[in-house]
Amino acid sequence: MCETIYIEKNKTNRYGVHFYNDSSDWKLFLDICGVKDDKLAVIYSSEIANEAWKAYVHNFTAEDSLCLNNKNENNDLEAFIKDKIAEYTFVVLAEPFIMDLLYEVMTQEYAKMSFVCVPVTPAAHFSGVSVRPKFDKTGEMICKEVFPKAVYVDMSVLKDATPLAFQEGVAAAFRLAIANKASMFEWMISNMYELTDAEPEAIEEFLQRGYLVQKERIEKDTAKERALPVFGAEFLNVYKNAIDGITESDALALSIVSQACLSWKKDLLSMDEFYEIRDMLVFFGLPITETEFATEDFMAYIDTKNPWSETDEFVYIRKVGKIVVGEKPSAEILKEAFSQIYYDEEANE
């Protein structure tokens with residue numbers, strides 16, 4: 001067992017992020033948290049890849065488990081929470097889409113749910129383990145942030161990840177660092193070779209740095225700041241929906257490039273800062289271009305689908321480690337952002 005990072009939710013309440021080499025200390029973790037293992041209900045992905053945690057879900061009956069896939073299953077999730085919330089502690093085997101679904105169904109009524117979080121993909125470690133607060137358009141809070149009782153960090157999830165899953169984790173970590181902590185971005189640059197070689201000490205520090213950034217956000221940022229959309233989210237969903245077969249890691253990388261480009265074109269980032277962000281993705285094998293959709297195709301998609309109809313604001317970066325909120329970009333600037341990622345193979349033969 002490695003060190004525990006304690007995150008202060010408020011002056012009298014905190015939770016621990018506990019680091020373990022693998023899944024074998026689970027019962028010890030439950031004892032530390034004061035959680036009874038006969039009153040657990042598990043929420044997990046139908047495509048869970050980690051073998052140890054995939055085996056773990058077989059300990060649960062059908063009534064005490066909910067298997068989700070990366071589609072809209074809000075009704076199933078809401079019904080499961082409503083049925084179990086009074087007597088059970090939920091084990092959330094976290095993947096980014098599961099945390100997104102929890103955010104969508106969360107209400108003030110369900111905010112009292114007790115859960116422990118186990119990130120089971122590399123990206124989940126860097127995508128947030130609490131359920132973000134919600135505000136309406138007038139700035140009134142709809143639902144407070146919902147925190148776990150504790151987080152079980154199984155470091156083997158990252159150490160033993162497939163190359164594709166590892167890339168997805170790196171992309172999520174870059175997004176976290178670019179938006180919130182310049183020193184983490186710089187550390188990733190300085191330790192790029194150690195990370196790509198999956199050196200154990202580098203992996204451990206990588207994870208700890210990610211959770212320390214999340215700790216700082218929770219302890220220092222206001223609830224309204226933490227309610228802001230994740231940096232790059234506007235483009236991430238567009239790429240996932242518009243480009244058939246795109247992987248999560250590729251969509252994440254392209255969304256980072258596009259969102260950083262918007263910040264550059266709005267004179268928030270310098271050109272050098274934009275290219276530093278973009279070029280670092282290349283070293284880790286992440287794409288900075290795609291060949292499926294031309295710029296005009298993306299603009300037509302935006303006009304037809306209108307994916308940002310419910311918001312008047314976008315998240316930008318003023319510098320690496322600092323996000324700001326501004327008005328939606330003009331069509332001209334959007335076109336420039338899309339053109340940054342489209343590579344015309346025929347024109348460049």
# chains A, B, ... in the order shown; residues from 1 in each chain; ligands from 1
call {"tool": "select_by_dssp", "arguments": {"residues": "segment 12-252 of chain A", "states": "helix (DSSP H, G or I)", "output": "count of residues only"}}
result
124
call {"tool": "residues_around", "arguments": {"residues": "segment 331-340 of chain A", "least_positions_apart": "5", "cutoff": "12 Å", "atoms": "only C-alpha atoms", "output": "ChimeraX atom specification"}}
result
/A:234-235,238-239,254-267,274-275,278,287-291,293-303,314
call {"tool": "closest_residue", "arguments": {"among": "A:Phe115, A:Phe166, A:Tyr56, A:Tyr316", "to": "Phe231 of chain A", "atoms": "only C-alpha atoms"}}
result
A:Tyr316
call {"tool": "select_by_dssp", "arguments": {"residues": "segment 11-181 of chain A", "states": "strand (DSSP E)", "output": "ChimeraX atom specification"}}
result
/A:13-20,40-45,65-68,89-94,114-119,134-135,141-143,150-154
call {"tool": "closest_residue", "arguments": {"among": "A:Met280, A:Cys143, A:Lys82, A:Asn69", "to": "Met188 of chain A", "atoms": "only C-alpha atoms"}}
result
A:Met280
call {"tool": "residues_around", "arguments": {"residues": "segment 214-217 of chain A", "least_positions_apart": "4", "cutoff": "9 Å", "atoms": "only C-alpha atoms", "output": "VMD selection string"}}
result
chain A and resid 5 to 8 126 128 to 129 176 180 209 to 210 221 to 222 225 to 226
call {"tool": "closest_residue", "arguments": {"among": "A:Pro307, A:Ala198, A:Phe185, A:Met271", "to": "Asn237 of chain A", "atoms": "only C-alpha atoms"}}
result
A:Pro307
call {"tool": "residues_around", "arguments": {"residues": "Tyr44 of chain A", "least_positions_apart": "4", "cutoff": "10 Å", "atoms": "only C-alpha atoms", "output": "JSON, numbers by chain"}}
result
{"A": [48, 53, 54, 57, 65, 66, 67, 68, 69, 91, 92, 93, 94, 95, 98, 118, 120]}
call {"tool": "residues_around", "arguments": {"residues": "Glu109 of chain A", "least_positions_apart": "4", "cutoff": "12 Å", "atoms": "only C-alpha atoms", "output": "MDAnalysis selection string"}}
result
chainID A and resid 78 81:82 85:86 105 113 142:144 146
call {"tool": "closest_residue", "arguments": {"among": "A:Lys322, A:His58, A:Lys9, A:Lys305", "to": "Ser130 of chain A", "atoms": "only C-alpha atoms"}}
result
A:Lys9
call {"tool": "residues_around", "arguments": {"residues": "segment 167-171 of chain A", "least_positions_apart": "3", "cutoff": "8 Å", "atoms": "only C-alpha atoms", "output": "list in words"}}
result
Thr121, Pro122, Ala123, Ala124, His125, Phe126, Leu158, Pro163, Leu164, Phe174, Arg175, Glu248, Ser249, Asp250, Leu252, Ala253, Leu281, Phe284, Gly285 and Leu286 of chain A
call {"tool": "closest_residue", "arguments": {"among": "A:Asp154, A:Glu194, A:Glu3, A:Glu310", "to": "Tyr20 of chain A", "atoms": "only C-alpha atoms"}}
result
A:Asp154
call {"tool": "closest_residue", "arguments": {"among": "A:Tyr211, A:Phe60, A:Phe147, A:Phe283", "to": "Asn191 of chain A", "atoms": "only C-alpha atoms"}}
result
A:Phe283
call {"tool": "decode", "arguments": {"residues": "segment 280-293 of chain A", "atoms": "N, CA and C atoms", "output": "PDB file, in the first residue's frame"}}
result
ATOM      1  N   MET A 280       3.058  17.728 -28.116  1.00  0.00           N
ATOM      2  CA  MET A 280       3.292  16.748 -27.057  1.00  0.00           C
ATOM      3  C   MET A 280       2.404  15.521 -27.222  1.00  0.00           C
ATOM      4  N   LEU A 281       1.238  15.687 -27.809  1.00  0.00           N
ATOM      5  CA  LEU A 281       0.359  14.542 -28.033  1.00  0.00           C
ATOM      6  C   LEU A 281       1.000  13.538 -28.991  1.00  0.00           C
ATOM      7  N   VAL A 282       1.750  14.057 -29.956  1.00  0.00           N
ATOM      8  CA  VAL A 282       2.360  13.202 -30.975  1.00  0.00           C
ATOM      9  C   VAL A 282       3.333  12.217 -30.344  1.00  0.00           C
ATOM     10  N   PHE A 283       4.118  12.681 -29.383  1.00  0.00           N
ATOM     11  CA  PHE A 283       5.126  11.814 -28.770  1.00  0.00           C
ATOM     12  C   PHE A 283       4.483  10.574 -28.152  1.00  0.00           C
ATOM     13  N   PHE A 284       3.290  10.735 -27.587  1.00  0.00           N
ATOM     14  CA  PHE A 284       2.623   9.608 -26.941  1.00  0.00           C
ATOM     15  C   PHE A 284       1.752   8.809 -27.917  1.00  0.00           C
ATOM     16  N   GLY A 285       1.933   9.061 -29.209  1.00  0.00           N
ATOM     17  CA  GLY A 285       1.216   8.289 -30.220  1.00  0.00           C
ATOM     18  C   GLY A 285      -0.217   8.708 -30.418  1.00  0.00           C
ATOM     19  N   LEU A 286      -0.562   9.908 -29.940  1.00  0.00           N
ATOM     20  CA  LEU A 286      -1.925  10.393 -30.071  1.00  0.00           C
ATOM     21  C   LEU A 286      -2.059  11.249 -31.327  1.00  0.00           C
ATOM     22  N   PRO A 287      -3.189  11.204 -32.000  1.00  0.00           N
ATOM     23  CA  PRO A 287      -3.329  11.927 -33.261  1.00  0.00           C
ATOM     24  C   PRO A 287      -3.553  13.418 -33.049  1.00  0.00           C
ATOM     25  N   ILE A 288      -3.112  14.190 -34.016  1.00  0.00           N
ATOM     26  CA  ILE A 288      -3.416  15.620 -34.031  1.00  0.00           C
ATOM     27  C   ILE A 288      -4.191  15.995 -35.301  1.00  0.00           C
ATOM     28  N   THR A 289      -4.413  14.994 -36.170  1.00  0.00           N
ATOM     29  CA  THR A 289      -5.200  15.210 -37.382  1.00  0.00           C
ATOM     30  C   THR A 289      -6.087  13.996 -37.625  1.00  0.00           C
ATOM     31  N   GLU A 290      -7.082  14.188 -38.492  1.00  0.00           N
ATOM     32  CA  GLU A 290      -7.903  13.073 -38.957  1.00  0.00           C
ATOM     33  C   GLU A 290      -8.181  13.282 -40.444  1.00  0.00           C
ATOM     34  N   THR A 291      -8.576  12.199 -41.122  1.00  0.00           N
ATOM     35  CA  THR A 291      -8.738  12.272 -42.576  1.00  0.00           C
ATOM     36  C   THR A 291     -10.159  11.972 -43.044  1.00  0.00           C
ATOM     37  N   GLU A 292     -11.081  11.723 -42.088  1.00  0.00           N
ATOM     38  CA  GLU A 292     -12.430  11.284 -42.455  1.00  0.00           C
ATOM     39  C   GLU A 292     -13.350  12.429 -42.845  1.00  0.00           C
ATOM     40  N   PHE A 293     -13.333  13.490 -42.040  1.00  0.00           N
ATOM     41  CA  PHE A 293     -14.269  14.604 -42.228  1.00  0.00           C
ATOM     42  C   PHE A 293     -13.499  15.852 -42.627  1.00  0.00           C
TER      43      PHE A 293
END
